Amino acid sequence: PRNRMLCRAARVASTRALAQVPRAFFSTTHPANIKNVTVIGGGLMGNGITQVTAAAGYNVTMVDISEELLKKSYANIDKTIMKGFKRDIEKGKISQEDATKKKDETLARIASNVSAEEAVKSADLVIEAVPENLPLKQKIFASLDKAAPADCIFASNTSSLPIKDIQATCSRGDKFAGLHFFNPVPQMKLLEIVNGAETSQATYDKLAEFGVKIGKSTVKCKDTPGFIVNRLLVPYLFEAIRLYERGDASKEDIDTAMKLGAGYPMGPFTLADVVGLDTCKSIMDGWHKAYPNMEIFEPSKTLADLVGAGKLGMKSGEGFYNYKK
């Protein structure tokens with residue numbers, strides 16, 4: 001009798017312990033085979049992600065807050081595809097007719113929707129590409145978690161926010177990860193796949209396969225600040241800005257030194273303008289808030305002033321350099 005009582009007590013304790021485990025660990029569904037992709041956000045990154053995904057043969061639905069923005073995004077993709085073919089056309093590697101045909105086939109696989117909930121109903125993969133605003137991302141995923149199929153994989157294109165924080169409003173932690181693309185998406189070959197604490201191996205495998213199919217070289221990283229590239233790159237950019245702020249060297253000479261001395265294709269100030277000064281500031285502000293005592297994460301007044309003046313880099317026509325002609 002005493003043994004039976006001990007066994008019963010053990011079963012009760014086990015049941016109670018299991019009840020405390022996050023729901024995501026008990027997912028009864030495996031991640032879907034990816035055929036239909038929904039991209040949330042039709043901005044610069046969303047455009048690029050939509051383009052390369054559709055070009056690889058996937059059906060893509062692009063989501064933004066208005067039809068006007070979606071039409072603009074669609075037109076940008078149309079233009080970017082033909083721009084990508086320009087050199088091959090000039091070299092005779094592809095005819096104008098074949099290039100136009102490939103463009104039309106890619107565009108035919110792109111649909112649009114102003115309702116994110118409607119757009120994810122048949123999605124196998126959702127890629128969020130909205131601004132780096134944690135409450136916004138959490139709100140979006142909380143809503144989509146209820147609308148998307150249970151086996152749909154969720155991914156964020158965040159460049160700096162913790163995956164665990166973005167995923168906090170979802171019940172599918174095992175099917176949630178980071179997919180960090182780089183700008184401009186059609187040209188940049190790297191894709192960082194960021195595993196959250198609950199991301200399953202099956203989910204990672206599906207995302208790695210997806211990355212290869214859209215023509216990217218993938219690298220795997222844990223959910224650490226900045227992942228791989230930005231954890232090394234952003235402090236480098238800010239150290240260059242500090243060098244300039246102290247008057248130790250001009251931005252032009254710093255750029256020249258890193259190109260000719262380190263073999264970099266562009267200097268840190270040009271690169272910051274390409275990345276977007278608002279993006280650089282957002283990343284560092286987030287890290288500084290999380291790690292206020294780390295000098296390497298100290299913000300820059302020069303950068304803050306430029307962003308405050310609307311000088312965001314190449315995309316606005318002016319940043320550290322002036323691109324208006």
# chains A, B, ... in the order shown; residues from 1 in each chain; ligands from 1
>>> residues_around(residues="Gly196 (chain A)", least_positions_apart="4", cutoff="7 Å", atoms="only C-alpha atoms", output="PyMOL selection string")
chain A and resi 163-164+177+222-223
>>> select_by_dssp(residues="region 41-139 of chain A", states="strand (DSSP E or B)", output="number ranges by chain")
A: 59-63, 110-113, 125-128
>>> write_last_selection(atoms="C-alpha atoms", output="PDB file, in the first residue's frame")
ATOM      1  CA  ASN A  59       4.037  31.592 -53.686  1.00  0.00           C
ATOM      2  CA  VAL A  60       4.367  34.829 -51.743  1.00  0.00           C
ATOM      3  CA  THR A  61       1.803  37.149 -50.192  1.00  0.00           C
ATOM      4  CA  MET A  62       3.145  40.568 -49.264  1.00  0.00           C
ATOM      5  CA  VAL A  63       1.341  42.473 -46.506  1.00  0.00           C
ATOM      6  CA  ILE A 110       3.366  37.568 -55.713  1.00  0.00           C
ATOM      7  CA  ALA A 111      -0.005  38.418 -54.186  1.00  0.00           C
ATOM      8  CA  SER A 112      -0.779  41.238 -51.774  1.00  0.00           C
ATOM      9  CA  ASN A 113      -3.114  41.807 -48.850  1.00  0.00           C
ATOM     10  CA  LEU A 125       6.165  30.327 -43.379  1.00  0.00           C
ATOM     11  CA  VAL A 126       5.611  33.884 -42.134  1.00  0.00           C
ATOM     12  CA  ILE A 127       8.528  36.314 -42.314  1.00  0.00           C
ATOM     13  CA  GLU A 128       8.056  39.569 -40.412  1.00  0.00           C
TER      14      GLU A 128
END
>>> residues_around(residues="Phe182 (chain A)", least_positions_apart="5", cutoff="9 Å", atoms="only C-alpha atoms", output="MDAnalysis selection string")
chainID A and resid 45 159 187:192 275
>>> write_last_selection(atoms="N, CA and C atoms", output="short mmCIF file (atom, residue, chain, number, x, y, z; two decimals), in the first residue's frame")
data_model
loop_
_atom_site.label_atom_id
_atom_site.label_comp_id
_atom_site.auth_asym_id
_atom_site.auth_seq_id
_atom_site.Cartn_x
_atom_site.Cartn_y
_atom_site.Cartn_z
N MET A 45 13.33 46.00 -46.93
CA MET A 45 13.68 44.60 -46.66
C MET A 45 12.56 43.65 -47.09
N SER A 159 17.21 42.60 -36.84
CA SER A 159 18.67 42.64 -36.92
C SER A 159 19.32 42.75 -35.55
N GLN A 187 21.03 41.06 -53.66
CA GLN A 187 22.47 40.96 -53.89
C GLN A 187 23.23 40.27 -52.77
N MET A 188 22.82 40.49 -51.54
CA MET A 188 23.57 39.95 -50.40
C MET A 188 23.27 38.46 -50.22
N LYS A 189 24.32 37.66 -50.17
CA LYS A 189 24.17 36.20 -50.20
C LYS A 189 23.97 35.56 -48.83
N LEU A 190 24.20 36.33 -47.77
CA LEU A 190 24.15 35.73 -46.43
C LEU A 190 22.75 35.74 -45.83
N LEU A 191 22.43 34.69 -45.10
CA LEU A 191 21.20 34.61 -44.31
C LEU A 191 21.55 34.02 -42.95
N GLU A 192 21.37 34.81 -41.89
CA GLU A 192 21.60 34.31 -40.54
C GLU A 192 20.32 33.64 -40.03
N VAL A 275 23.61 50.92 -44.76
CA VAL A 275 22.78 50.20 -43.80
C VAL A 275 21.58 51.04 -43.39
#
>>> residues_around(residues="Lys102 (chain A)", least_positions_apart="4", cutoff="9 Å", atoms="only C-alpha atoms", output="list in words")
Ala55, Ile81, Glu97, Asp98, Thr106 and Leu107 of chain A
>>> residues_around(residues="region 256-272 of chain A", least_positions_apart="3", cutoff="8 Å", atoms="only C-alpha atoms", output="PyMOL selection string")
chain A and resi 236-237+240-241+251-253+275-277+280+313+320-321
>>> select_by_dssp(residues="region 49-178 of chain A", states="alpha helix (DSSP H)", output="PyMOL selection string")
chain A and resi 49-55+67-90+96-108+116-119+134-147+163-166
>>> closest_residue(among="A:Phe85, A:Phe154, A:Phe181, A:Tyr244", to="Ile214 (chain A)", atoms="only C-alpha atoms")
A:Phe181
>>> residues_around(residues="Val234 (chain A)", least_positions_apart="4", cutoff="10 Å", atoms="only C-alpha atoms", output="ChimeraX atom specification")
/A:226,229-230,238-240,268,272,280-281,283-284,296-297
>>> atom_distance(atom1="CA of Lys301 (chain A)", atom2="CA of Val130 (chain A)")
25.5 Å
>>> closest_residue(among="A:Gly247, A:Gly215, A:Gly92, A:Pro149", to="Val120 (chain A)", atoms="only C-alpha atoms")
A:Pro149
>>> atom_distance(atom1="CA of Val219 (chain A)", atom2="CA of Ile193 (chain A)")
6.1 Å
>>> atom_distance(atom1="CA of Lys35 (chain A)", atom2="CA of Ser122 (chain A)")
9.7 Å
>>> residues_around(residues="Thr279 (chain A)", least_positions_apart="6", cutoff="10 Å", atoms="only C-alpha atoms", output="JSON list (two decimals) with C-alpha atoms, in the first residue's frame")
[["chain", "number", "residue", "atom", "x", "y", "z"],
["A", 131, "PRO", "CA", 10.63, 48.33, -38.22],
["A", 132, "GLU", "CA", 12.71, 47.41, -35.17],
["A", 159, "SER", "CA", 18.67, 42.64, -36.92],
["A", 160, "SER", "CA", 19.12, 43.19, -33.20],
["A", 272, "ALA", "CA", 26.66, 53.13, -42.27],
["A", 273, "ASP", "CA", 24.91, 55.18, -44.96],
["A", 285, "ASP", "CA", 20.07, 52.26, -28.52],
["A", 307, "VAL", "CA", 18.86, 60.87, -37.67],
["A", 312, "LEU", "CA", 19.27, 58.54, -42.74],
["A", 313, "GLY", "CA", 21.87, 57.64, -45.37]]
>>> decode(residues="region 246-276 of chain A", atoms="N, CA and C atoms", output="compact mmCIF listing (two decimals), in the first residue's frame")
# COMPACT_ATOMS: atom_id res chain seq x y z
N ARG A 246 36.18 62.71 -32.15
CA ARG A 246 37.33 63.22 -31.39
C ARG A 246 38.23 64.10 -32.25
N GLY A 247 37.99 64.11 -33.55
CA GLY A 247 38.83 64.90 -34.44
C GLY A 247 40.14 64.23 -34.79
N ASP A 248 40.22 62.92 -34.56
CA ASP A 248 41.47 62.20 -34.83
C ASP A 248 41.70 62.01 -36.33
N ALA A 249 40.64 61.94 -37.10
CA ALA A 249 40.75 61.78 -38.55
C ALA A 249 39.42 62.17 -39.18
N SER A 250 39.47 62.56 -40.45
CA SER A 250 38.24 62.89 -41.16
C SER A 250 37.52 61.61 -41.56
N LYS A 251 36.23 61.72 -41.82
CA LYS A 251 35.48 60.52 -42.23
C LYS A 251 35.97 60.00 -43.56
N GLU A 252 36.39 60.90 -44.45
CA GLU A 252 36.91 60.47 -45.74
C GLU A 252 38.20 59.66 -45.58
N ASP A 253 39.09 60.13 -44.69
CA ASP A 253 40.35 59.42 -44.49
C ASP A 253 40.14 58.09 -43.77
N ILE A 254 39.18 58.06 -42.86
CA ILE A 254 38.87 56.80 -42.18
C ILE A 254 38.35 55.77 -43.18
N ASP A 255 37.46 56.22 -44.08
CA ASP A 255 36.94 55.32 -45.11
C ASP A 255 38.06 54.82 -46.01
N THR A 256 38.92 55.73 -46.44
CA THR A 256 40.03 55.34 -47.32
C THR A 256 40.97 54.36 -46.62
N ALA A 257 41.25 54.63 -45.35
CA ALA A 257 42.17 53.77 -44.59
C ALA A 257 41.64 52.34 -44.49
N MET A 258 40.34 52.19 -44.24
CA MET A 258 39.78 50.85 -44.08
C MET A 258 39.64 50.12 -45.43
N LYS A 259 39.45 50.88 -46.49
CA LYS A 259 39.38 50.25 -47.82
C LYS A 259 40.76 49.78 -48.27
N LEU A 260 41.75 50.64 -48.16
CA LEU A 260 43.06 50.32 -48.68
C LEU A 260 43.95 49.58 -47.68
N GLY A 261 43.69 49.80 -46.38
CA GLY A 261 44.51 49.15 -45.36
C GLY A 261 43.97 47.82 -44.89
N ALA A 262 42.65 47.68 -44.89
CA ALA A 262 42.04 46.43 -44.41
C ALA A 262 41.40 45.63 -45.54
N GLY A 263 41.37 46.20 -46.74
CA GLY A 263 40.82 45.48 -47.88
C GLY A 263 39.30 45.44 -47.90
N TYR A 264 38.65 46.33 -47.12
CA TYR A 264 37.20 46.35 -47.11
C TYR A 264 36.67 47.00 -48.39
N PRO A 265 35.54 46.55 -48.92
CA PRO A 265 35.01 47.13 -50.15
C PRO A 265 34.53 48.56 -49.97
N MET A 266 34.18 48.95 -48.76
CA MET A 266 33.80 50.33 -48.47
C MET A 266 34.15 50.65 -47.04
N GLY A 267 34.32 51.94 -46.76
CA GLY A 267 34.66 52.36 -45.41
C GLY A 267 33.46 52.38 -44.49
N PRO A 268 33.69 52.58 -43.18
CA PRO A 268 32.60 52.51 -42.20
C PRO A 268 31.52 53.58 -42.37
N PHE A 269 31.88 54.78 -42.83
CA PHE A 269 30.87 55.84 -42.97
C PHE A 269 29.98 55.58 -44.19
N THR A 270 30.59 55.13 -45.26
CA THR A 270 29.79 54.76 -46.44
C THR A 270 28.89 53.58 -46.10
N LEU A 271 29.44 52.61 -45.39
CA LEU A 271 28.66 51.43 -45.02
C LEU A 271 27.50 51.80 -44.11
N ALA A 272 27.74 52.69 -43.16
CA ALA A 272 26.66 53.13 -42.27
C ALA A 272 25.54 53.78 -43.08
N ASP A 273 25.92 54.56 -44.09
CA ASP A 273 24.91 55.18 -44.96
C ASP A 273 24.12 54.14 -45.75
N VAL A 274 24.79 53.07 -46.15
CA VAL A 274 24.11 51.99 -46.88
C VAL A 274 23.15 51.25 -45.95
N VAL A 275 23.61 50.92 -44.76
CA VAL A 275 22.78 50.20 -43.80
C VAL A 275 21.58 51.04 -43.39
N GLY A 276 21.79 52.33 -43.23
CA GLY A 276 20.74 53.24 -42.74
C GLY A 276 21.11 53.74 -41.36
